[in-house]
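This is model04.cif (mmCIF, C-alpha atoms and all ligand atoms).
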data_my_file
loop_
_atom_site.label_atom_id
_atom_site.label_comp_id
_atom_site.auth_asym_id
_atom_site.auth_seq_id
_atom_site.Cartn_x
_atom_site.Cartn_y
_atom_site.Cartn_z
CA MET I 1 -10.06 -6.66 1.45
CA PRO I 2 -7.01 -8.17 3.03
CA SER I 3 -6.91 -7.37 6.78
CA LEU I 4 -5.74 -3.86 7.72
CA PRO I 5 -2.32 -4.90 9.13
CA THR I 6 -1.59 -6.65 5.83
CA HIS I 7 -2.18 -3.42 3.92
CA VAL I 8 0.43 -1.76 6.18
CA VAL I 9 2.92 -4.60 5.58
CA ALA I 10 2.79 -3.82 1.86
CA ALA I 11 4.39 -0.43 2.62
CA ILE I 12 7.62 -2.03 3.87
CA PRO I 13 9.05 -3.32 0.55
CA ILE I 14 7.98 -0.07 -1.16
CA ALA I 15 10.03 1.90 1.39
CA ALA I 16 12.92 -0.53 0.97
CA TRP I 17 12.96 -0.17 -2.83
CA LEU I 18 12.83 3.62 -2.55
CA GLY I 19 16.03 3.27 -0.57
CA ARG I 20 14.96 4.56 2.84
CA PRO I 21 13.82 1.70 5.03
CA GLY I 22 14.88 3.71 8.10
CA ALA I 23 12.67 6.73 7.40
CA SER I 24 11.30 8.72 10.34
CA LYS I 25 8.47 7.47 12.59
CA ARG I 26 6.31 10.36 11.42
CA LEU I 27 6.61 9.20 7.81
CA TRP I 28 5.93 5.59 8.76
CA LEU I 29 2.81 6.70 10.62
CA ALA I 30 1.66 8.66 7.56
CA ALA I 31 2.34 5.62 5.35
CA ALA I 32 0.34 3.32 7.65
CA VAL I 33 -2.61 5.73 7.58
CA CYS I 34 -2.41 6.03 3.77
CA ALA I 35 -2.32 2.22 3.46
CA VAL I 36 -5.57 1.71 5.37
CA LEU I 37 -7.49 4.95 4.75
CA PRO I 38 -9.18 3.75 1.52
CA GLU I 39 -11.07 1.25 3.67
CA ALA I 40 -12.83 4.15 5.44
CA ASP I 41 -15.31 4.04 2.56
CA VAL I 42 -17.17 1.26 4.40
CA VAL I 43 -18.85 3.98 6.49
CA GLY I 44 -20.83 4.70 3.32
CA PHE I 45 -22.89 1.56 3.97
CA SER I 46 -24.35 3.30 7.06
CA PHE I 47 -25.46 6.20 4.88
CA GLY I 48 -27.16 4.03 2.27
CA ILE I 49 -24.37 4.23 -0.32
CA GLU I 50 -24.39 1.07 -2.42
CA TYR I 51 -21.24 -1.08 -2.74
CA GLY I 52 -21.06 -0.49 -6.52
CA ASP I 53 -21.50 3.32 -6.37
CA LEU I 54 -18.65 5.72 -7.15
CA LEU I 55 -18.41 6.47 -3.41
CA GLY I 56 -19.18 2.86 -2.49
CA HIS I 57 -16.71 0.32 -1.17
CA ARG I 58 -13.65 -0.13 -3.44
CA GLY I 59 -14.84 2.88 -5.44
CA LEU I 60 -13.24 6.33 -5.54
CA THR I 61 -11.12 5.87 -2.40
CA HIS I 62 -9.41 2.87 -3.99
CA SER I 63 -8.55 4.70 -7.23
CA LEU I 64 -5.16 5.89 -8.46
CA PHE I 65 -6.63 9.40 -8.53
CA PHE I 66 -7.38 9.23 -4.80
CA ALA I 67 -3.89 7.84 -4.12
CA ALA I 68 -2.31 10.78 -5.96
CA LEU I 69 -4.57 13.26 -4.18
CA LEU I 70 -4.10 11.84 -0.68
CA SER I 71 -0.33 11.56 -1.01
CA GLY I 72 -0.24 15.13 -2.36
CA LEU I 73 -2.27 16.47 0.57
CA VAL I 74 -0.24 14.60 3.20
CA THR I 75 3.04 15.67 1.61
CA ALA I 76 1.92 19.30 1.35
CA ALA I 77 0.62 19.35 4.94
CA TRP I 78 3.43 17.58 6.79
CA PHE I 79 6.39 16.95 4.50
CA ARG I 80 6.60 20.03 2.29
CA ALA I 81 10.26 20.47 3.23
CA GLY I 82 10.98 16.75 2.86
CA CYS I 83 11.83 14.46 5.73
CA GLY I 84 15.45 13.77 6.62
CA PRO I 85 17.26 12.83 3.41
CA LEU I 86 13.98 12.37 1.50
CA SER I 87 12.75 15.13 -0.80
CA ALA I 88 9.06 16.08 -0.83
CA ARG I 89 8.76 14.55 -4.33
CA ARG I 90 10.17 11.24 -3.11
CA ILE I 91 7.77 11.27 -0.16
CA TRP I 92 4.83 11.92 -2.49
CA LEU I 93 5.90 8.94 -4.63
CA PHE I 94 6.26 6.70 -1.56
CA LEU I 95 2.83 7.65 -0.15
CA PHE I 96 1.23 7.35 -3.60
CA LEU I 97 2.57 3.82 -4.07
CA VAL I 98 1.54 2.83 -0.54
CA THR I 99 -2.01 4.17 -1.01
CA ALA I 100 -2.31 2.61 -4.48
CA SER I 101 -1.09 -0.73 -3.12
CA HIS I 102 -4.32 -0.93 -1.09
CA GLY I 103 -6.46 -1.20 -4.24
CA LEU I 104 -3.95 -3.52 -5.91
CA LEU I 105 -4.15 -5.95 -2.99
CA ASP I 106 -7.94 -5.75 -2.93
CA ALA I 107 -7.99 -6.66 -6.63
CA LEU I 108 -6.18 -9.87 -5.72
CA THR I 109 -8.85 -11.00 -3.23
CA SER I 110 -11.41 -13.72 -3.75
CA GLY I 111 -14.57 -11.78 -2.90
CA GLY I 112 -16.61 -8.59 -3.15
CA LEU I 113 -16.71 -6.33 -6.20
CA GLY I 114 -13.67 -5.24 -8.17
CA VAL I 115 -11.68 -2.05 -7.66
CA ALA I 116 -12.44 1.21 -9.48
CA PHE I 117 -8.79 1.95 -10.27
CA PHE I 118 -9.61 4.70 -12.76
CA ALA I 119 -12.44 6.46 -10.90
CA PRO I 120 -13.75 9.13 -11.09
CA PHE I 121 -13.02 9.05 -14.86
CA ILE I 122 -13.97 5.41 -15.46
CA GLU I 123 -16.18 3.71 -12.87
CA LYS I 124 -15.64 0.16 -14.13
CA ARG I 125 -14.47 -2.23 -11.40
CA HIS I 126 -11.41 -4.42 -11.93
CA PHE I 127 -9.95 -7.62 -10.53
CA PHE I 128 -6.67 -9.24 -11.50
CA PRO I 129 -7.08 -12.47 -13.48
CA VAL I 130 -5.61 -14.39 -10.52
CA ARG I 131 -7.09 -13.78 -7.05
CA PRO I 132 -5.29 -15.94 -4.50
CA ILE I 133 -5.93 -13.82 -1.35
CA VAL I 134 -8.91 -15.01 0.70
CA VAL I 135 -11.12 -11.96 1.26
CA SER I 136 -11.31 -10.75 4.86
CA PRO I 137 -14.82 -10.34 6.33
CA PHE I 138 -15.91 -6.87 7.50
CA SER I 139 -17.06 -8.04 10.92
CA LEU I 140 -14.52 -8.78 13.65
CA GLY I 141 -16.79 -11.57 14.89
CA ARG I 142 -16.55 -13.44 11.59
CA PHE I 143 -12.80 -12.74 11.40
CA LEU I 144 -12.29 -14.32 14.83
CA SER I 145 -14.20 -17.40 13.72
CA GLY I 146 -12.63 -20.12 11.57
CA ARG I 147 -12.65 -17.78 8.58
CA GLY I 148 -9.95 -15.62 10.20
CA VAL I 149 -7.46 -18.51 10.18
CA GLN I 150 -8.01 -19.00 6.44
CA VAL I 151 -7.55 -15.27 5.82
CA VAL I 152 -4.35 -15.01 7.87
CA ALA I 153 -2.85 -18.13 6.25
CA SER I 154 -3.58 -16.82 2.77
CA GLU I 155 -2.23 -13.32 3.54
CA ALA I 156 0.92 -14.81 5.09
CA LEU I 157 1.58 -16.76 1.91
CA TRP I 158 0.56 -14.22 -0.72
CA VAL I 159 1.44 -10.87 0.96
CA TRP I 160 3.69 -11.21 4.02
CA LEU I 161 6.11 -13.71 2.46
CA PRO I 162 6.52 -11.79 -0.83
CA ALA I 163 6.88 -8.56 1.23
CA VAL I 164 9.73 -10.08 3.25
CA LEU I 165 11.43 -11.45 0.11
CA LEU I 166 11.09 -8.14 -1.76
CA THR I 167 12.42 -6.23 1.26
CA VAL I 168 15.45 -8.53 1.63
CA LEU I 169 16.08 -8.24 -2.12
CA ALA I 170 15.87 -4.43 -1.93
CA VAL I 171 18.24 -4.22 1.06
CA TRP I 172 20.70 -6.54 -0.71
CA TYR I 173 20.46 -4.54 -3.93
CA GLN I 174 20.95 -1.19 -2.16
CA ALA I 175 23.95 -2.54 -0.23
CA LYS I 176 25.48 -3.84 -3.47
CA ARG I 177 24.95 -0.48 -5.16
CA ARG I 178 26.50 1.34 -2.20
CA SER I 179 29.56 -0.91 -2.16
CA ARG I 180 29.96 -0.52 -5.94
CA GLY I 181 29.72 3.25 -5.47
CA SER I 182 32.32 3.31 -2.70
CA HIS I 183 34.73 1.19 -4.81
CA SER I 184 34.39 3.55 -7.73
CA THR I 185 35.34 6.56 -5.53
CA ILE I 186 38.63 5.01 -4.38
CA PRO I 187 41.38 7.23 -5.82
CA THR I 188 43.50 5.43 -8.38
CA ASN I 189 46.54 7.77 -8.16
CA ARG I 190 48.79 8.36 -5.17
ZN ZN G 201 -10.06 -1.89 0.43
#
Encoding of this model in structure tokens:
Amino acid sequence: MPSLPTHVVAAIPIAAWLGRPGASKRLWLAAAVCAVLPEADVVGFSFGIEYGDLLGHRGLTHSLFFAALLSGLVTAAWFRAGCGPLSARRIWLFLFLVTASHGLLDALTSGGLGVAFFAPFIEKRHFFPVRPIVVSPFSLGRFLSGRGVQVVASEALWVWLPAVLLTVLAVWYQAKRRSRGSHSTIPTNR
């Protein structure tokens, strides 16, 4: 996995492209939880669940099915009436993309097993053909060793930097669309 804060960073350009970077704190909190929750499957190791099992690490909780389910539950529980200018459907889409981004980032890492994107229907694990992100160790001790520096440098280059660029691009694009919209509403007759 990339480190947990990096999974949260991936939510920022998604919010920007959906047009609401200034969404409420409650929604941001929900998005942050959705971004990292798939990683909770590591508790399975303590119960003897194997890495490659359906409920193992990068299994069901990293699937698109789980992303759809989790975003549906969170939307139904806390955002049924929408949130500010965002409709419940838009919030579901945002939380789905944020949750799904967790597995997509994991599939770009250099270690572990692949991601079961299509579980529970297809259990096959997948990686992308290119995997530039150095995998983060599970233990904090190993992360704080020299390995952590490698992980942070790789995430900065391959996740944080693209996230900043995509966010800036989205903000620029939205502003351009808004200004085009306001020009088109200027009355042409006196
Ligand atoms: Zn993960």
For this session: Select, counting only C-alpha atoms, all protein, DNA and RNA residues no farther than 12 Å from (-3.3, -15.9, 3.7) in file coordinates, and express the selection as a ChimeraX atom specification.
Result: /I:1-3,6,108-110,131-136,147-162
For this session: Would you mind telling me which residue in I:Tyr173, I:Trp28, I:Phe96, I:Phe79 lies nearest to Phe66 in chain I when using only C-alpha atoms?
Result: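 Among the listed residues, the smallest separation from Phe66 in chain I belongs to I:Phe96.
Each of I:Leu70, I:Val9, I:Ala100, I:Ile91 was checked against ligand ZN 201 (chain G) using only C-alpha atoms and all ligand atoms; the smallest atom-to-atom distance is that of I:Ala100.
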For this session: Point out the residue among I:Ala31, I:His62, I:Arg125, I:Ala88 with the least atom-to-atom distance to Ala15 in chain I, counting all atoms listed in the file.
Result: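 Selected residue with least distance to Ala15 in chain I: I:Ala31.
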Nearby polymer residues, ligand ZN 201 (chain G), at most 12 Å, only C-alpha atoms and all ligand atoms, as a CSV table (one decimal) with C-alpha atoms, in the coordinates of the input:
chain,number,residue,atom,x,y,z
I,1,MET,CA,-10.1,-6.7,1.4
I,2,PRO,CA,-7.0,-8.2,3.0
I,3,SER,CA,-6.9,-7.4,6.8
I,4,LEU,CA,-5.7,-3.9,7.7
I,6,THR,CA,-1.6,-6.6,5.8
I,7,HIS,CA,-2.2,-3.4,3.9
I,8,VAL,CA,0.4,-1.8,6.2
I,34,CYS,CA,-2.4,6.0,3.8
I,35,ALA,CA,-2.3,2.2,3.5
I,36,VAL,CA,-5.6,1.7,5.4
I,37,LEU,CA,-7.5,5.0,4.8
I,38,PRO,CA,-9.2,3.8,1.5
I,39,GLU,CA,-11.1,1.2,3.7
I,40,ALA,CA,-12.8,4.2,5.4
I,41,ASP,CA,-15.3,4.0,2.6
I,42,VAL,CA,-17.2,1.3,4.4
I,51,TYR,CA,-21.2,-1.1,-2.7
I,56,GLY,CA,-19.2,2.9,-2.5
I,57,HIS,CA,-16.7,0.3,-1.2
I,58,ARG,CA,-13.6,-0.1,-3.4
I,59,GLY,CA,-14.8,2.9,-5.4
I,60,LEU,CA,-13.2,6.3,-5.5
I,61,THR,CA,-11.1,5.9,-2.4
I,62,HIS,CA,-9.4,2.9,-4.0
I,63,SER,CA,-8.6,4.7,-7.2
I,99,THR,CA,-2.0,4.2,-1.0
I,100,ALA,CA,-2.3,2.6,-4.5
I,101,SER,CA,-1.1,-0.7,-3.1
I,102,HIS,CA,-4.3,-0.9,-1.1
I,103,GLY,CA,-6.5,-1.2,-4.2
I,104,LEU,CA,-4.0,-3.5,-5.9
I,105,LEU,CA,-4.2,-6.0,-3.0
I,106,ASP,CA,-7.9,-5.8,-2.9
I,107,ALA,CA,-8.0,-6.7,-6.6
I,108,LEU,CA,-6.2,-9.9,-5.7
I,109,THR,CA,-8.8,-11.0,-3.2
I,111,GLY,CA,-14.6,-11.8,-2.9
I,112,GLY,CA,-16.6,-8.6,-3.2
I,113,LEU,CA,-16.7,-6.3,-6.2
I,114,GLY,CA,-13.7,-5.2,-8.2
I,115,VAL,CA,-11.7,-2.0,-7.7
I,116,ALA,CA,-12.4,1.2,-9.5
I,117,PHE,CA,-8.8,2.0,-10.3
I,135,VAL,CA,-11.1,-12.0,1.3
I,136,SER,CA,-11.3,-10.8,4.9
I,137,PRO,CA,-14.8,-10.3,6.3
I,138,PHE,CA,-15.9,-6.9,7.5
Exercise. Near Ala170 in chain I, counting only C-alpha atoms, which residues have an atom at most 10 Å away, once you skip same-chain residues fewer than 5 positions from it, shown as an MDAnalysis selection string?
Worked result: chainID I and resid 13:19 21 164:165 175:176
Using C-alpha atoms, can you write the selected residues to a file as a PDB file, in the frame of the given file?
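Listing of again-v1.pdb after writing:
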ATOM      1  CA  PRO I  13       9.050  -3.320   0.550  1.00  0.00           C
ATOM      2  CA  ILE I  14       7.980  -0.070  -1.160  1.00  0.00           C
ATOM      3  CA  ALA I  15      10.030   1.900   1.390  1.00  0.00           C
ATOM      4  CA  ALA I  16      12.920  -0.530   0.970  1.00  0.00           C
ATOM      5  CA  TRP I  17      12.960  -0.170  -2.830  1.00  0.00           C
ATOM      6  CA  LEU I  18      12.830   3.620  -2.550  1.00  0.00           C
ATOM      7  CA  GLY I  19      16.030   3.270  -0.570  1.00  0.00           C
ATOM      8  CA  PRO I  21      13.820   1.700   5.030  1.00  0.00           C
ATOM      9  CA  VAL I 164       9.730 -10.080   3.250  1.00  0.00           C
ATOM     10  CA  LEU I 165      11.430 -11.450   0.110  1.00  0.00           C
ATOM     11  CA  ALA I 175      23.950  -2.540  -0.230  1.00  0.00           C
ATOM     12  CA  LYS I 176      25.480  -3.840  -3.470  1.00  0.00           C
TER      13      LYS I 176
END
